[in-house]
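Visitor: Quick one: the structure is below, and I'll ask about it shortly.
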Amino acid sequence: MNQTVLHSTVFFTAYGPPGPLNYAAFFLTFLLFFITIFANISLMLVIYLESSLHKPMYIFLFNLAVNGLIGCLSVCPKIMDNLVNDIKDISHKGCLLQVFFSSVYASCAYVILAVMAYDRFVSICKPLQYHSIMTPSKVKMLLALVYFIPITVLAFQMFITSRLPVCSYNINKLFCDNLAVVKLSCVESALSNLYGICMIASLVVLPFVLVVLSYVKILLVCLKVSKESRKKAFNTCAPHLITFINFSTAVLFSVIYNRHSTVSKEVNVLISVQFILFPPLVHPIIYGIRTKEIRTCITKIIRTRIFPNSLDFPHIKSEPKLVPIMTLDGTAAGQGLPV
């Protein structure tokens, strides 16, 4: 491997000099970043602390939140740093790491959403067999595949990209992505292009198709059941479906952005931030609002763990008062009745 390449510096040209617009973009990015971190950690804590949520669907949701943290932490701190500094640069090695972790975020999110769609399919289409199908060992196996396959595939892609000779050191974007890094090379790599197509097919297209097929099957089953059952199925699937559409829209905008980077600086900032921050920000909010079990558990944690002495809880009952039983002559006959 060329050590000179790994120790070289890449410069971002999409930021412009520090000024009011950059400071406003910094404030907006920081605000979204903070809310995203808080929302995902809160969701993870709720799922971890509440044993009633230790079910396959919520275990997958926990990992979706972890994945969202990986995405925003891999890119946003460097974006905020570059927005307020005069020199907007990153080492070539750091650029490759940024590509790797942001790609892990994107690909693992799609695979997790596909696994969650499979879980919903089993829950609705095979309810009596659900517990025999979604066993703890199977959940562990699915989670292992969720991380092992994307990380292995992307690690090899990073190896291919790191071997390319570099002739240019300017990227007209806010952060590094694989296409931008490949374009820094002096040569056109047929292997890199072919591998990239195969990777997109396996980590994006295939999970997308699996999710669509799962919902087609769910829809066909729902057409055969009662209106009440259809409503229950919709309430079960709605958070996941909204999350899937939200993330797919973000990916679509990101693909357009990567292919056509000649946009204004404001649009550049918006598209970059929406891909990294909006899905991880919206996902815990969607599940917190749409999922009754999570809403109930959040309320329970707030009432029992955060403000245990300031609210009147149903499970805390005052000691009963004893009213003595009086006889006809006015004397007490015993301990009395509780009131």
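Ordering of the structure tokens sets the chain letters (A, B, ...); residue numbers start at 1 within each chain; ligands are numbered from 1 in the order shown.
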Please provide the set of residues having any atom within 10 Å of A:Tyr23, restricted to only C-alpha atoms, with same-chain residues fewer than 4 positions apart removed, written as a ChimeraX atom specification.
Guide: /A:18-19,27-29,80,83-84
Visitor: With C-alpha atoms kept, could you save the residues just selected as a CSV table (one decimal), in the first residue's frame?
Guide:
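Output file again-v8.csv is given in full below:
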```csv
chain,number,residue,atom,x,y,z
A,18,PRO,CA,-16.3,31.1,7.7
A,19,GLY,CA,-19.2,33.6,8.0
A,27,PHE,CA,-25.9,25.9,14.8
A,28,LEU,CA,-28.6,23.9,12.8
A,29,THR,CA,-26.3,20.9,12.4
A,80,MET,CA,-19.3,21.0,12.3
A,83,LEU,CA,-18.0,24.9,9.2
A,84,VAL,CA,-16.2,27.1,11.7
```
Visitor: As a list in words, please: the residues near stretch 158-160 of chain A (cut-off 8 Å, only C-alpha atoms, same-chain neighbours under 4 positions excluded).
Guide: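 Those residues are Leu96, Phe100, Leu154, Leu164 and Ser192 of chain A.
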Visitor: Can I get the selected residues back with all heavy atoms, as a PDB file, in the first residue's frame?
Guide:
```pdb
ATOM      1  N   LEU A  96     -11.056   7.695   4.359  1.00  0.00           N
ATOM      2  CA  LEU A  96     -11.466   6.308   4.132  1.00  0.00           C
ATOM      3  C   LEU A  96     -12.278   5.764   5.311  1.00  0.00           C
ATOM      4  O   LEU A  96     -13.256   5.047   5.118  1.00  0.00           O
ATOM      5  CB  LEU A  96     -10.230   5.431   3.897  1.00  0.00           C
ATOM      6  CG  LEU A  96      -9.483   5.643   2.573  1.00  0.00           C
ATOM      7  CD1 LEU A  96      -8.199   4.816   2.547  1.00  0.00           C
ATOM      8  CD2 LEU A  96     -10.367   5.270   1.384  1.00  0.00           C
ATOM      9  N   PHE A 100     -16.073   4.436   5.296  1.00  0.00           N
ATOM     10  CA  PHE A 100     -16.404   3.106   5.808  1.00  0.00           C
ATOM     11  C   PHE A 100     -17.562   3.167   6.805  1.00  0.00           C
ATOM     12  O   PHE A 100     -18.559   2.442   6.669  1.00  0.00           O
ATOM     13  CB  PHE A 100     -15.177   2.477   6.478  1.00  0.00           C
ATOM     14  CG  PHE A 100     -15.444   1.148   7.121  1.00  0.00           C
ATOM     15  CD1 PHE A 100     -15.629   0.006   6.365  1.00  0.00           C
ATOM     16  CD2 PHE A 100     -15.521   1.037   8.505  1.00  0.00           C
ATOM     17  CE1 PHE A 100     -15.897  -1.219   6.946  1.00  0.00           C
ATOM     18  CE2 PHE A 100     -15.772  -0.180   9.107  1.00  0.00           C
ATOM     19  CZ  PHE A 100     -15.960  -1.308   8.327  1.00  0.00           C
ATOM     20  N   LEU A 154     -17.980  -4.120   2.963  1.00  0.00           N
ATOM     21  CA  LEU A 154     -17.455  -2.756   2.911  1.00  0.00           C
ATOM     22  C   LEU A 154     -15.966  -2.699   3.225  1.00  0.00           C
ATOM     23  O   LEU A 154     -15.253  -1.842   2.688  1.00  0.00           O
ATOM     24  CB  LEU A 154     -18.229  -1.875   3.895  1.00  0.00           C
ATOM     25  CG  LEU A 154     -19.677  -1.576   3.480  1.00  0.00           C
ATOM     26  CD1 LEU A 154     -20.457  -1.003   4.648  1.00  0.00           C
ATOM     27  CD2 LEU A 154     -19.709  -0.622   2.296  1.00  0.00           C
ATOM     28  N   LEU A 164      -5.900   2.499  -4.768  1.00  0.00           N
ATOM     29  CA  LEU A 164      -5.889   3.327  -5.969  1.00  0.00           C
ATOM     30  C   LEU A 164      -4.900   4.481  -5.813  1.00  0.00           C
ATOM     31  O   LEU A 164      -4.865   5.131  -4.761  1.00  0.00           O
ATOM     32  CB  LEU A 164      -7.298   3.891  -6.235  1.00  0.00           C
ATOM     33  CG  LEU A 164      -8.402   2.873  -6.521  1.00  0.00           C
ATOM     34  CD1 LEU A 164      -9.750   3.584  -6.641  1.00  0.00           C
ATOM     35  CD2 LEU A 164      -8.096   2.098  -7.803  1.00  0.00           C
ATOM     36  N   SER A 192     -13.179  -1.724  -9.067  1.00  0.00           N
ATOM     37  CA  SER A 192     -13.897  -0.899  -8.099  1.00  0.00           C
ATOM     38  C   SER A 192     -15.328  -0.627  -8.559  1.00  0.00           C
ATOM     39  O   SER A 192     -16.270  -0.718  -7.760  1.00  0.00           O
ATOM     40  CB  SER A 192     -13.162   0.430  -7.889  1.00  0.00           C
ATOM     41  OG  SER A 192     -13.860   1.262  -6.987  1.00  0.00           O
TER      42      SER A 192
END
```
Visitor: Compare A:Cys95, A:Ser162, A:Ala109, A:Thr304 by their minimum atom-to-atom distance to A:Asn246, counting only C-alpha atoms, and give me the closest one.
Guide: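 Among the listed residues, the smallest separation from A:Asn246 belongs to A:Ala109.
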Visitor: Skip A:Phe278 itself and residues of its chain fewer than 6 positions away, then list as a PyMOL selection string all residues within 10 Å of it, counting only C-alpha atoms.
Guide: chain A and resi 32-33+36+68+72+246-247+250+271-272
Visitor: Between A:Cys167, A:Leu174, A:Ile302, A:Ile124, which has the minimum distance to A:Ala233 (counting only C-alpha atoms)?
Guide: A:Ile124
Visitor: What is the distance, in Å and to one decimal place, between atom CA of A:Ala180 and atom CA of A:Leu69?
Guide: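 A separation of 23.2 Å between them.
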Visitor: Please run DSSP on the backbone and report, as a PyMOL selection string, all residues within stretch 122-301 of chain A that come out as helix (DSSP H, G or I).
Guide: chain A and resi 122-125+127-133+136-162+178-182+190-222+227-259+265-290+292-301
Visitor: Set the distance at 9 Å and use only C-alpha atoms: which residues neighbour stretch 58-67 of chain A once local chain neighbours fewer than 4 positions away are removed? I'd like the list as a PyMOL selection string.
Guide: chain A and resi 39-41+43-45+47-48+53-54+71-72+104-106+108-109+112-113+115-116+139+143+280+283-284+287
Visitor: Please produce an output containing N, CA and C atoms for each residue in the selection, written as an mmCIF file, in the first residue's frame.
Guide:
```
data_model
loop_
_atom_site.group_PDB
_atom_site.id
_atom_site.type_symbol
_atom_site.label_atom_id
_atom_site.label_comp_id
_atom_site.auth_asym_id
_atom_site.auth_seq_id
_atom_site.Cartn_x
_atom_site.Cartn_y
_atom_site.Cartn_z
ATOM 1 N N ALA A 39 -32.291 11.443 21.333
ATOM 2 C CA ALA A 39 -33.454 10.610 20.999
ATOM 3 C C ALA A 39 -33.077 9.140 20.897
ATOM 4 N N ASN A 40 -31.948 8.840 20.248
ATOM 5 C CA ASN A 40 -31.551 7.444 20.064
ATOM 6 C C ASN A 40 -31.085 6.801 21.363
ATOM 7 N N ILE A 41 -30.324 7.535 22.170
ATOM 8 C CA ILE A 41 -29.884 6.990 23.453
ATOM 9 C C ILE A 41 -31.087 6.779 24.374
ATOM 10 N N LEU A 43 -34.187 6.108 23.454
ATOM 11 C CA LEU A 43 -34.899 4.918 22.977
ATOM 12 C C LEU A 43 -34.169 3.644 23.395
ATOM 13 N N MET A 44 -32.846 3.644 23.265
ATOM 14 C CA MET A 44 -32.058 2.478 23.655
ATOM 15 C C MET A 44 -32.211 2.185 25.146
ATOM 16 N N LEU A 45 -32.209 3.237 25.977
ATOM 17 C CA LEU A 45 -32.348 3.043 27.420
ATOM 18 C C LEU A 45 -33.727 2.498 27.778
ATOM 19 N N ILE A 47 -35.674 0.612 25.905
ATOM 20 C CA ILE A 47 -35.727 -0.789 25.515
ATOM 21 C C ILE A 47 -34.882 -1.652 26.460
ATOM 22 N N TYR A 48 -33.735 -1.127 26.880
ATOM 23 C CA TYR A 48 -32.843 -1.883 27.767
ATOM 24 C C TYR A 48 -33.440 -2.040 29.167
ATOM 25 N N LEU A 53 -40.086 -5.035 26.810
ATOM 26 C CA LEU A 53 -39.677 -4.706 25.441
ATOM 27 C C LEU A 53 -38.566 -5.616 24.934
ATOM 28 N N HIS A 54 -38.213 -6.622 25.704
ATOM 29 C CA HIS A 54 -37.156 -7.540 25.278
ATOM 30 C C HIS A 54 -37.741 -8.599 24.339
ATOM 31 N N GLY A 71 -23.904 6.393 12.293
ATOM 32 C CA GLY A 71 -23.962 7.269 11.127
ATOM 33 C C GLY A 71 -23.675 8.715 11.454
ATOM 34 N N CYS A 72 -24.373 9.256 12.455
ATOM 35 C CA CYS A 72 -24.190 10.687 12.731
ATOM 36 C C CYS A 72 -22.843 10.977 13.391
ATOM 37 N N VAL A 104 -21.304 1.792 6.450
ATOM 38 C CA VAL A 104 -21.829 0.789 7.384
ATOM 39 C C VAL A 104 -23.192 1.233 7.904
ATOM 40 N N TYR A 105 -23.302 2.510 8.230
ATOM 41 C CA TYR A 105 -24.588 3.056 8.692
ATOM 42 C C TYR A 105 -25.683 2.844 7.651
ATOM 43 N N ALA A 106 -25.411 3.201 6.402
ATOM 44 C CA ALA A 106 -26.433 3.118 5.355
ATOM 45 C C ALA A 106 -26.815 1.670 5.051
ATOM 46 N N CYS A 108 -26.214 -1.190 6.857
ATOM 47 C CA CYS A 108 -26.781 -1.917 8.004
ATOM 48 C C CYS A 108 -28.219 -1.476 8.270
ATOM 49 N N ALA A 109 -28.518 -0.190 8.043
ATOM 50 C CA ALA A 109 -29.890 0.288 8.247
ATOM 51 C C ALA A 109 -30.854 -0.449 7.329
ATOM 52 N N ILE A 112 -31.224 -4.073 8.555
ATOM 53 C CA ILE A 112 -32.035 -4.130 9.772
ATOM 54 C C ILE A 112 -33.505 -3.934 9.435
ATOM 55 N N LEU A 113 -33.803 -2.987 8.537
ATOM 56 C CA LEU A 113 -35.192 -2.755 8.140
ATOM 57 C C LEU A 113 -35.771 -3.978 7.435
ATOM 58 N N VAL A 115 -34.853 -7.125 8.058
ATOM 59 C CA VAL A 115 -35.077 -8.110 9.125
ATOM 60 C C VAL A 115 -36.331 -7.758 9.929
ATOM 61 N N MET A 116 -36.543 -6.466 10.170
ATOM 62 C CA MET A 116 -37.749 -6.030 10.887
ATOM 63 C C MET A 116 -39.008 -6.318 10.060
ATOM 64 N N VAL A 139 -32.847 -14.861 16.468
ATOM 65 C CA VAL A 139 -32.660 -13.405 16.558
ATOM 66 C C VAL A 139 -31.175 -13.069 16.611
ATOM 67 N N LEU A 143 -29.053 -10.900 13.823
ATOM 68 C CA LEU A 143 -28.273 -9.723 14.204
ATOM 69 C C LEU A 143 -26.804 -9.874 13.793
ATOM 70 N N PRO A 280 -31.894 8.940 11.467
ATOM 71 C CA PRO A 280 -31.705 8.592 12.884
ATOM 72 C C PRO A 280 -32.494 9.479 13.836
ATOM 73 N N HIS A 283 -36.496 8.260 13.245
ATOM 74 C CA HIS A 283 -36.850 6.881 13.595
ATOM 75 C C HIS A 283 -37.296 6.718 15.055
ATOM 76 N N PRO A 284 -36.513 7.178 16.050
ATOM 77 C CA PRO A 284 -36.988 7.012 17.437
ATOM 78 C C PRO A 284 -38.246 7.820 17.735
ATOM 79 N N TYR A 287 -41.239 5.779 16.312
ATOM 80 C CA TYR A 287 -41.586 4.634 17.166
ATOM 81 C C TYR A 287 -42.099 5.083 18.528
#
```
Visitor: Which residue is closest to A:Phe11? Choose from A:Val111, A:Leu73, A:Leu219, A:Val181 and count only C-alpha atoms.
Guide: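 The answer is A:Val181, which sits nearest to A:Phe11.
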Visitor: Could you please determine the separation between atom CA of A:Ala155 and atom CA of A:Phe175 in Å, to one decimal place?
Guide: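 So the answer is 18.8 Å.
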Visitor: So, counting only C-alpha atoms, which residue among A:Ser103, A:Thr296, A:Asn82, A:Ser248 is closest to A:Val205?
Guide: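 Closest residue, counting only C-alpha atoms: A:Ser248.
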Visitor: Would you please work out which residue, of A:Ser51, A:Cys125, A:Phe156, A:Thr243, is nearest to A:Leu220 when using only C-alpha atoms?
Guide: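 Of A:Ser51, A:Cys125, A:Phe156, A:Thr243, the one nearest A:Leu220, counting only C-alpha atoms, is A:Cys125.
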